[in-house]
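All remarks here apply to the structure that follows.
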Amino acid sequence: MYSERMGINPEVLLKTLWGDFYLNAKAKKIMKGAQVKGKKPLFVQLVLDNIWSLYDAVVTRRDKEKVEKVLASLDVKVMARDSRHSDPKVLLSAICSQWLPVSQAVLSMVCNKLPSPLHIAAERVEKLMSVGVRRFDTLPERTQELKNAFLQCSSNENAPVIVFVSKMFAVDTQALPENKQRPLTQEEIAQRRELARQRHAERMAAEQIATVGQQNHSVNNPVDIQARGQYKDEMEPQVLKESKSEEQIETFIAFARVYSGVVKKGQRIFILGPKYDPAQGLSMLPEQCSPSDSLPEVPHLSCCFIENIYLLMGRELEELEEVPSGNVLGIKGLEDVVLKSATISTTPACPPFTPLNFEASPILRVAIEPKHPSEMPKLVRGMRLLNQADPCAEVLIQETGEHVLVTAGEVHLQRCLDDLKDRFAKIEISASEPIIPFRETVVRPPKVDMVNEDLGKQQKVAVIHQVKEEGSHGRSSETLDVDSSGLVTLTTPNKLATVGVRAIPLPQEVTCLLENSSALIRTLEQVNMSLREGRNLDISVKTLEAIADLKAQLESMLQGRKWRNAVEQIWAFGPRRCGPNILLNKLEGYHRPSLWQCLCREDTSGKNGAQAKMIREFDNSIVSGFQLATLSGPMCEEPLMGVCFSIERWDVQSSNSPHQNTFEESGTFQEALGGSKAPESINSLEVTSNEPSQTKRCQEATPAECYGPVSGQLIAAMKEACRHAFQAQPQRLMAAMYTCEIMASAEVLGRVYGVLGKREGRILHEEMKEGTEIFIVKAVLPVAESFGFADEIRKRTSGLASPQMVFSHWEVISSDPSWVPTTEEEYLHFGEKADSTNQALKYMNAVRRRKGLYVEEKIVEHAEKQRTLSKNK
């Protein structure tokens, strides 16, 4: 519009619209130096001034003559109802919706700014096709050829169909286009009226016959029976139709995007699971096969028909016959084969895509059961549908048989429960109290006490003495020893193995790095396992670079004398071999294969055997004990986080029976080699399995052998040693934290702070939104204190503050759950019983009570103050 008026190129206007440029009206030129010359910038001249003048005429002055001039100049026609409205904002909205419509502006910006499917980068294509640790050049040739199909984004008939389903969403079956009733013609209306009139006449005649039959008491009259049967046949379909209309059936539609080819209605396609291997599929399937052929069974590969395809138009769906590549569509018919996301294609050479990552991670869980036990099948089906419909919800079945729903927060939980009750299961359900997860960790010994007085070794000695007392209750003091430095030495009951473990707190940045790199650590563990088993696994260059970067970051973060060579001495991560805890190998003379051996392997084929022989027997027992210890801590059986266990002693004595020793060695080497039998251990295995030798062993068994195999006792001893080493350090709970953003006006800011302080929240920062009187407050809030937080803050502020909460991190609770007054200053300040509320102890006891563990609490606190209800006389 401006280019036509001023005769200036639109590209020049776009470049100069923002910046230090102004319009010279006389010369009709755009010139520099608006700020120096005191001129209005070009954006103010062309855009803002016109908008301000419209606001001034319509809202501020309400000048009808000027409004009519503006409408005439803009060539905008406004309805008389809008122009006569008492609220000027109605007229302003009517003018702007025609002058500057939002829909056209957004659509044009999407078309101009978002990249076209044809402009996809080759690196992104390779990243999409290379799942996990695989390199693109190690994929089958037919799979690599599909890269051209991605880049071309072709819609030819010969192009392979490649579609990615990002999520499934539920739609009422009656809302589908094929189920909607089309408008009836006049002839159809007349026919239905005539048919209804005939049926009504027949029904009236049947009722008259039934009435006459009752008056004559002719119950067995054949005419009466025939009339009642005809009436029943007329009414049953109507009743069934009404009952079906009351029950709304949900249909799942797949939200998908076409990367190549043309998707057609009624087409048969392959469904590729997330664990599908194209190399395995191509080796098991014949060449040039199609989904319509009868094919052998392939793992994680299935076939399915596309029932219908739809164009997604907001809440409405438009039925289509085919959709070319580059478009987004809805697909019906995949609900039985796709859970949340999937890759579908017409070729088995296509690799599966990685599922999408969502910012909101599920953290809050509840156990659900039906109010009537007979409706359990309906609950199972409803939870399966909910799991399929909500990408942020998870449905689990615990080992105890409980059905658990995991959600992102309180509002999300309530929404999921309502959907489960009203849409998917349609039964009455009962949910348990929300289960809040915690983590356990250790910290450095504090230098000051609870009243900020300098603290010496008094508390540390008291803690170690307490650990010795607790250990002496569970086992003999001969098998457990705790020294002043926190080193725990524990011997197995058969006196054949001894381990010495020390617990060290990890720096906070290391803990965060390990937690965020769990997927990469899991990949590293898979690579090391394949190397131990002698298999060659082709790793992508980016994966190797990410592992090397992780190692470099750990080396830079673990600095100091006690962390010297710690990264090279890492034995394992835990729990589940990918958690934020570390097992260190501080044993003298035991140099096992490095955890980072994939970074420095040139010729692994000749080194695998030598590296396997370097692994000491019962190595896996130490790792298994560490994994069990980090999975459930001693405080309340919650997983550990940010703890480093250093193995400083490990002695294993040989038993009296030579056959037992030989058998354990061969079994240990088999375990270290990944289950393959070592050639030199076959003869010894045969001797051990001989019946006379077994009888002799049983007759000559010593009391030490009655406790079972060494490996099992070593696992239990390692687990107990880690737990006692954990208790020898200052213990703390870690709470899950929400990052909370609150938008509030200035007059209710104090009330917001009051609610946050009451719920153990902490303000990070606040800033005022430019151009408004709204403050944006960013705070952190424990998940355990978040229930009812949104409702309370709305009530306290009369709806002027609205919070938005997202799970962000784990944070150490500063208070010690096992703290009691020890110093004289603490006795003077807190008293002998320390009656002040210990938040960490409250959380810990709640978790222990829920899990059925022992809770040390006094039912009667002050017995001398109790009185009977009746008055003493």
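If you're wondering about the labels, chains in the structure tokens are A, B, ... by order shown, residues count from 1 in each chain, ligands from 1 in order shown.
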
With only C-alpha atoms as the counted atoms, please give the residues lying no more than 10 Å from Val67 (chain A), apart from itself and same-chain residues fewer than 3 positions off, as a ChimeraX atom specification.
/A:53-58,62-64,70-73,83,91-92,95

Please dump the current selection as a PDB file, in the first residue's frame; keep N, CA and C atoms.
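File written: part07.pdb
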ATOM      1  N   SER A  53      -3.743   7.638  16.054  1.00  0.00           N
ATOM      2  CA  SER A  53      -4.805   8.559  15.628  1.00  0.00           C
ATOM      3  C   SER A  53      -6.162   7.863  15.602  1.00  0.00           C
ATOM      4  N   LEU A  54      -6.187   6.583  15.199  1.00  0.00           N
ATOM      5  CA  LEU A  54      -7.448   5.841  15.218  1.00  0.00           C
ATOM      6  C   LEU A  54      -7.943   5.646  16.650  1.00  0.00           C
ATOM      7  N   TYR A  55      -7.041   5.281  17.563  1.00  0.00           N
ATOM      8  CA  TYR A  55      -7.428   5.136  18.967  1.00  0.00           C
ATOM      9  C   TYR A  55      -7.930   6.467  19.522  1.00  0.00           C
ATOM     10  N   ASP A  56      -7.251   7.559  19.186  1.00  0.00           N
ATOM     11  CA  ASP A  56      -7.634   8.869  19.703  1.00  0.00           C
ATOM     12  C   ASP A  56      -9.024   9.267  19.222  1.00  0.00           C
ATOM     13  N   ALA A  57      -9.321   8.990  17.960  1.00  0.00           N
ATOM     14  CA  ALA A  57     -10.613   9.402  17.413  1.00  0.00           C
ATOM     15  C   ALA A  57     -11.748   8.524  17.930  1.00  0.00           C
ATOM     16  N   VAL A  58     -11.506   7.229  18.089  1.00  0.00           N
ATOM     17  CA  VAL A  58     -12.591   6.304  18.445  1.00  0.00           C
ATOM     18  C   VAL A  58     -12.763   6.206  19.962  1.00  0.00           C
ATOM     19  N   ARG A  62     -13.903  10.231  20.846  1.00  0.00           N
ATOM     20  CA  ARG A  62     -15.187   9.780  20.301  1.00  0.00           C
ATOM     21  C   ARG A  62     -15.735  10.787  19.294  1.00  0.00           C
ATOM     22  N   ASP A  63     -14.880  11.217  18.388  1.00  0.00           N
ATOM     23  CA  ASP A  63     -15.220  12.213  17.365  1.00  0.00           C
ATOM     24  C   ASP A  63     -15.829  11.481  16.176  1.00  0.00           C
ATOM     25  N   LYS A  64     -17.163  11.606  15.997  1.00  0.00           N
ATOM     26  CA  LYS A  64     -17.849  10.879  14.930  1.00  0.00           C
ATOM     27  C   LYS A  64     -17.422  11.358  13.550  1.00  0.00           C
ATOM     28  N   VAL A  70     -11.922   8.685   8.723  1.00  0.00           N
ATOM     29  CA  VAL A  70     -10.984   7.560   8.780  1.00  0.00           C
ATOM     30  C   VAL A  70     -11.559   6.361   8.038  1.00  0.00           C
ATOM     31  N   LEU A  71     -12.870   6.079   8.241  1.00  0.00           N
ATOM     32  CA  LEU A  71     -13.497   4.942   7.561  1.00  0.00           C
ATOM     33  C   LEU A  71     -13.489   5.142   6.054  1.00  0.00           C
ATOM     34  N   ALA A  72     -13.728   6.394   5.629  1.00  0.00           N
ATOM     35  CA  ALA A  72     -13.720   6.649   4.186  1.00  0.00           C
ATOM     36  C   ALA A  72     -12.319   6.494   3.608  1.00  0.00           C
ATOM     37  N   SER A  73     -11.301   6.962   4.332  1.00  0.00           N
ATOM     38  CA  SER A  73      -9.934   6.856   3.810  1.00  0.00           C
ATOM     39  C   SER A  73      -9.443   5.408   3.801  1.00  0.00           C
ATOM     40  N   SER A  83     -21.450   0.844  15.147  1.00  0.00           N
ATOM     41  CA  SER A  83     -21.175   2.283  15.253  1.00  0.00           C
ATOM     42  C   SER A  83     -22.009   2.941  16.339  1.00  0.00           C
ATOM     43  N   LEU A  91     -16.537  -0.632  18.438  1.00  0.00           N
ATOM     44  CA  LEU A  91     -16.312   0.025  17.151  1.00  0.00           C
ATOM     45  C   LEU A  91     -14.850  -0.092  16.726  1.00  0.00           C
ATOM     46  N   LEU A  92     -13.932   0.059  17.691  1.00  0.00           N
ATOM     47  CA  LEU A  92     -12.508  -0.056  17.372  1.00  0.00           C
ATOM     48  C   LEU A  92     -12.175  -1.471  16.863  1.00  0.00           C
ATOM     49  N   ILE A  95     -13.448  -1.901  13.288  1.00  0.00           N
ATOM     50  CA  ILE A  95     -12.612  -1.231  12.274  1.00  0.00           C
ATOM     51  C   ILE A  95     -11.308  -1.997  12.062  1.00  0.00           C
TER      52      ILE A  95
END

Selection: 10 Å around Asp137 (chain A), only C-alpha atoms, excl. self and same-chain fewer than 6 positions, as a ChimeraX atom specification:
/A:126,130,143-144,538,540

Give me a file of those residues, with N, CA, C and O atoms, as a PDB file, in the first residue's frame.
ATOM      1  N   GLU A 126      19.805 -36.758   8.174  1.00  0.00           N
ATOM      2  CA  GLU A 126      20.630 -37.831   8.730  1.00  0.00           C
ATOM      3  C   GLU A 126      20.378 -37.983  10.238  1.00  0.00           C
ATOM      4  O   GLU A 126      20.399 -39.098  10.763  1.00  0.00           O
ATOM      5  N   SER A 130      19.133 -41.448  11.902  1.00  0.00           N
ATOM      6  CA  SER A 130      20.116 -42.136  12.740  1.00  0.00           C
ATOM      7  C   SER A 130      19.624 -42.117  14.179  1.00  0.00           C
ATOM      8  O   SER A 130      19.772 -41.127  14.889  1.00  0.00           O
ATOM      9  N   THR A 143      18.230 -48.003   3.050  1.00  0.00           N
ATOM     10  CA  THR A 143      17.832 -46.978   4.018  1.00  0.00           C
ATOM     11  C   THR A 143      18.515 -45.649   3.708  1.00  0.00           C
ATOM     12  O   THR A 143      17.882 -44.584   3.800  1.00  0.00           O
ATOM     13  N   GLN A 144      19.779 -45.685   3.327  1.00  0.00           N
ATOM     14  CA  GLN A 144      20.476 -44.442   2.992  1.00  0.00           C
ATOM     15  C   GLN A 144      19.892 -43.789   1.744  1.00  0.00           C
ATOM     16  O   GLN A 144      19.924 -42.560   1.599  1.00  0.00           O
ATOM     17  N   ASP A 538      28.774 -50.009  15.578  1.00  0.00           N
ATOM     18  CA  ASP A 538      29.142 -48.784  14.857  1.00  0.00           C
ATOM     19  C   ASP A 538      28.468 -47.585  15.523  1.00  0.00           C
ATOM     20  O   ASP A 538      27.239 -47.499  15.570  1.00  0.00           O
ATOM     21  N   SER A 540      27.895 -43.445  15.929  1.00  0.00           N
ATOM     22  CA  SER A 540      27.944 -42.227  15.130  1.00  0.00           C
ATOM     23  C   SER A 540      28.997 -41.279  15.693  1.00  0.00           C
ATOM     24  O   SER A 540      29.339 -41.310  16.885  1.00  0.00           O
TER      25      SER A 540
END

Given only C-alpha atoms as the counted atoms, nearest of A:Arg732, A:Cys636, A:Leu544, A:Arg365 to Cys600 (chain A)
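Closest to Cys600 (chain A) of all the choices is A:Leu544.
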
CA of Glu307 (chain A) to CA of Asp418 (chain A): how many Å, to one decimal?
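Separation of CA of Glu307 (chain A) and CA of Asp418 (chain A): 29.7 Å.
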
Would you please give, as a PyMOL selection string, all residues of region 553-634 of chain A that DSSP assigns to strand (DSSP E) based on the backbone?
chain A and resi 570-574+581-585

Residues as selected, C-alpha atoms, written as a JSON list (two decimals), in the first residue's frame, can you do that?
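This went into selection_29.json:
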[["chain", "number", "residue", "atom", "x", "y", "z"],
["A", 570, "ILE", "CA", 34.73, -44.32, 37.40],
["A", 571, "TRP", "CA", 33.51, -47.90, 37.78],
["A", 572, "ALA", "CA", 29.78, -47.42, 37.11],
["A", 573, "PHE", "CA", 26.88, -45.01, 37.33],
["A", 574, "GLY", "CA", 23.73, -45.73, 39.29],
["A", 581, "ASN", "CA", 25.61, -41.40, 41.39],
["A", 582, "ILE", "CA", 29.17, -42.63, 40.83],
["A", 583, "LEU", "CA", 31.11, -45.71, 41.92],
["A", 584, "LEU", "CA", 34.87, -45.03, 42.03],
["A", 585, "ASN", "CA", 37.64, -47.64, 41.82]]

For a test of reading the model, state the distance in Å between CA of Arg381 (chain A) and CA of Ile306 (chain A), rounded to one decimal.
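Distance between the two atoms: 23.1 Å.
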
Got a sec: who's within 12 Å of Val755 (chain A), counting only C-alpha atoms, leaving out chain neighbours fewer than 2 positions off, as a tab-separated table (two decimals) with C-alpha atoms, in the first residue's frame?
chain	number	residue	atom	x	y	z
A	742	ILE	CA	3.20	-15.58	38.73
A	748	VAL	CA	-1.57	-7.86	45.52
A	749	LEU	CA	2.20	-8.43	45.35
A	750	GLY	CA	2.51	-8.65	49.15
A	751	ARG	CA	-0.19	-11.32	49.36
A	752	VAL	CA	1.61	-13.38	46.72
A	753	TYR	CA	4.79	-13.23	48.78
A	757	GLY	CA	6.54	-17.91	52.22
A	758	LYS	CA	3.88	-20.01	53.93
A	759	ARG	CA	4.53	-22.89	51.49
A	760	GLU	CA	8.36	-22.92	51.73
A	761	GLY	CA	8.69	-21.05	48.42
A	762	ARG	CA	11.60	-18.85	47.46
A	763	ILE	CA	11.55	-15.76	45.24
A	779	ALA	CA	9.94	-18.38	42.25
A	781	LEU	CA	8.17	-24.07	45.14
A	785	GLU	CA	3.70	-27.92	49.05
A	786	SER	CA	2.00	-27.20	45.72
A	788	GLY	CA	-4.03	-26.11	46.58
A	789	PHE	CA	-1.44	-23.43	45.86
A	790	ALA	CA	-3.18	-22.12	42.72
A	791	ASP	CA	-6.58	-21.94	44.44
A	792	GLU	CA	-5.17	-20.28	47.54
A	793	ILE	CA	-3.25	-17.63	45.63
A	794	ARG	CA	-6.34	-16.80	43.56
A	795	LYS	CA	-8.49	-16.51	46.70
A	796	ARG	CA	-5.97	-14.35	48.54
A	797	THR	CA	-5.54	-12.02	45.54
A	801	ALA	CA	-2.63	-13.36	40.32
A	803	PRO	CA	0.56	-19.01	38.70

Could you pull the residues within 12 Å of Lys842 (chain A), counting only C-alpha atoms, minus those fewer than 6 positions along the same chain, as a VMD selection string?
chain A and resid 636 733 784 813 815 to 818 836 848 to 849 855 to 857

Take the residues from that selection and put them in a file with N, CA, C and O atoms, as a short mmCIF file (atom, residue, chain, number, x, y, z; two decimals), in the first residue's frame.
data_model
loop_
_atom_site.label_atom_id
_atom_site.label_comp_id
_atom_site.auth_asym_id
_atom_site.auth_seq_id
_atom_site.Cartn_x
_atom_site.Cartn_y
_atom_site.Cartn_z
N CYS A 636 14.55 -43.21 53.72
CA CYS A 636 13.14 -43.57 53.48
C CYS A 636 12.99 -44.38 52.20
O CYS A 636 11.95 -44.28 51.53
N LEU A 733 17.57 -34.78 52.66
CA LEU A 733 16.55 -35.10 51.66
C LEU A 733 16.61 -34.08 50.54
O LEU A 733 16.95 -32.91 50.77
N ALA A 784 5.81 -30.92 47.00
CA ALA A 784 5.02 -31.40 48.13
C ALA A 784 4.14 -30.31 48.72
O ALA A 784 3.14 -30.61 49.39
N ILE A 813 17.07 -30.06 50.85
CA ILE A 813 16.43 -29.41 52.00
C ILE A 813 17.49 -29.17 53.06
O ILE A 813 18.18 -30.10 53.49
N SER A 815 17.54 -28.47 56.23
CA SER A 815 17.45 -29.01 57.59
C SER A 815 17.79 -30.49 57.61
O SER A 815 17.47 -31.24 56.68
N ASP A 816 18.45 -30.91 58.68
CA ASP A 816 18.84 -32.31 58.87
C ASP A 816 17.67 -33.06 59.50
O ASP A 816 17.21 -32.68 60.59
N PRO A 817 17.15 -34.13 58.88
CA PRO A 817 15.99 -34.82 59.47
C PRO A 817 16.31 -35.51 60.78
O PRO A 817 15.40 -35.76 61.59
N SER A 818 17.57 -35.85 61.02
CA SER A 818 17.93 -36.54 62.27
C SER A 818 18.58 -35.60 63.27
O SER A 818 19.28 -36.05 64.18
N SER A 836 10.63 -26.99 67.58
CA SER A 836 10.40 -26.34 66.30
C SER A 836 10.20 -27.39 65.20
O SER A 836 10.79 -28.47 65.24
N ARG A 848 8.04 -42.74 54.96
CA ARG A 848 8.22 -44.02 55.66
C ARG A 848 6.88 -44.60 56.11
O ARG A 848 6.65 -45.80 56.04
N ARG A 849 5.98 -43.74 56.55
CA ARG A 849 4.66 -44.22 56.96
C ARG A 849 3.89 -44.77 55.76
O ARG A 849 3.18 -45.78 55.87
N VAL A 855 8.60 -45.82 61.90
CA VAL A 855 8.65 -44.37 62.13
C VAL A 855 8.85 -44.14 63.62
O VAL A 855 8.03 -44.57 64.44
N GLU A 856 9.92 -43.46 63.96
CA GLU A 856 10.23 -43.19 65.36
C GLU A 856 9.55 -41.88 65.77
O GLU A 856 10.00 -40.79 65.42
N GLU A 857 8.43 -42.03 66.46
CA GLU A 857 7.70 -40.85 66.92
C GLU A 857 7.02 -41.19 68.25
O GLU A 857 6.66 -42.34 68.50
#
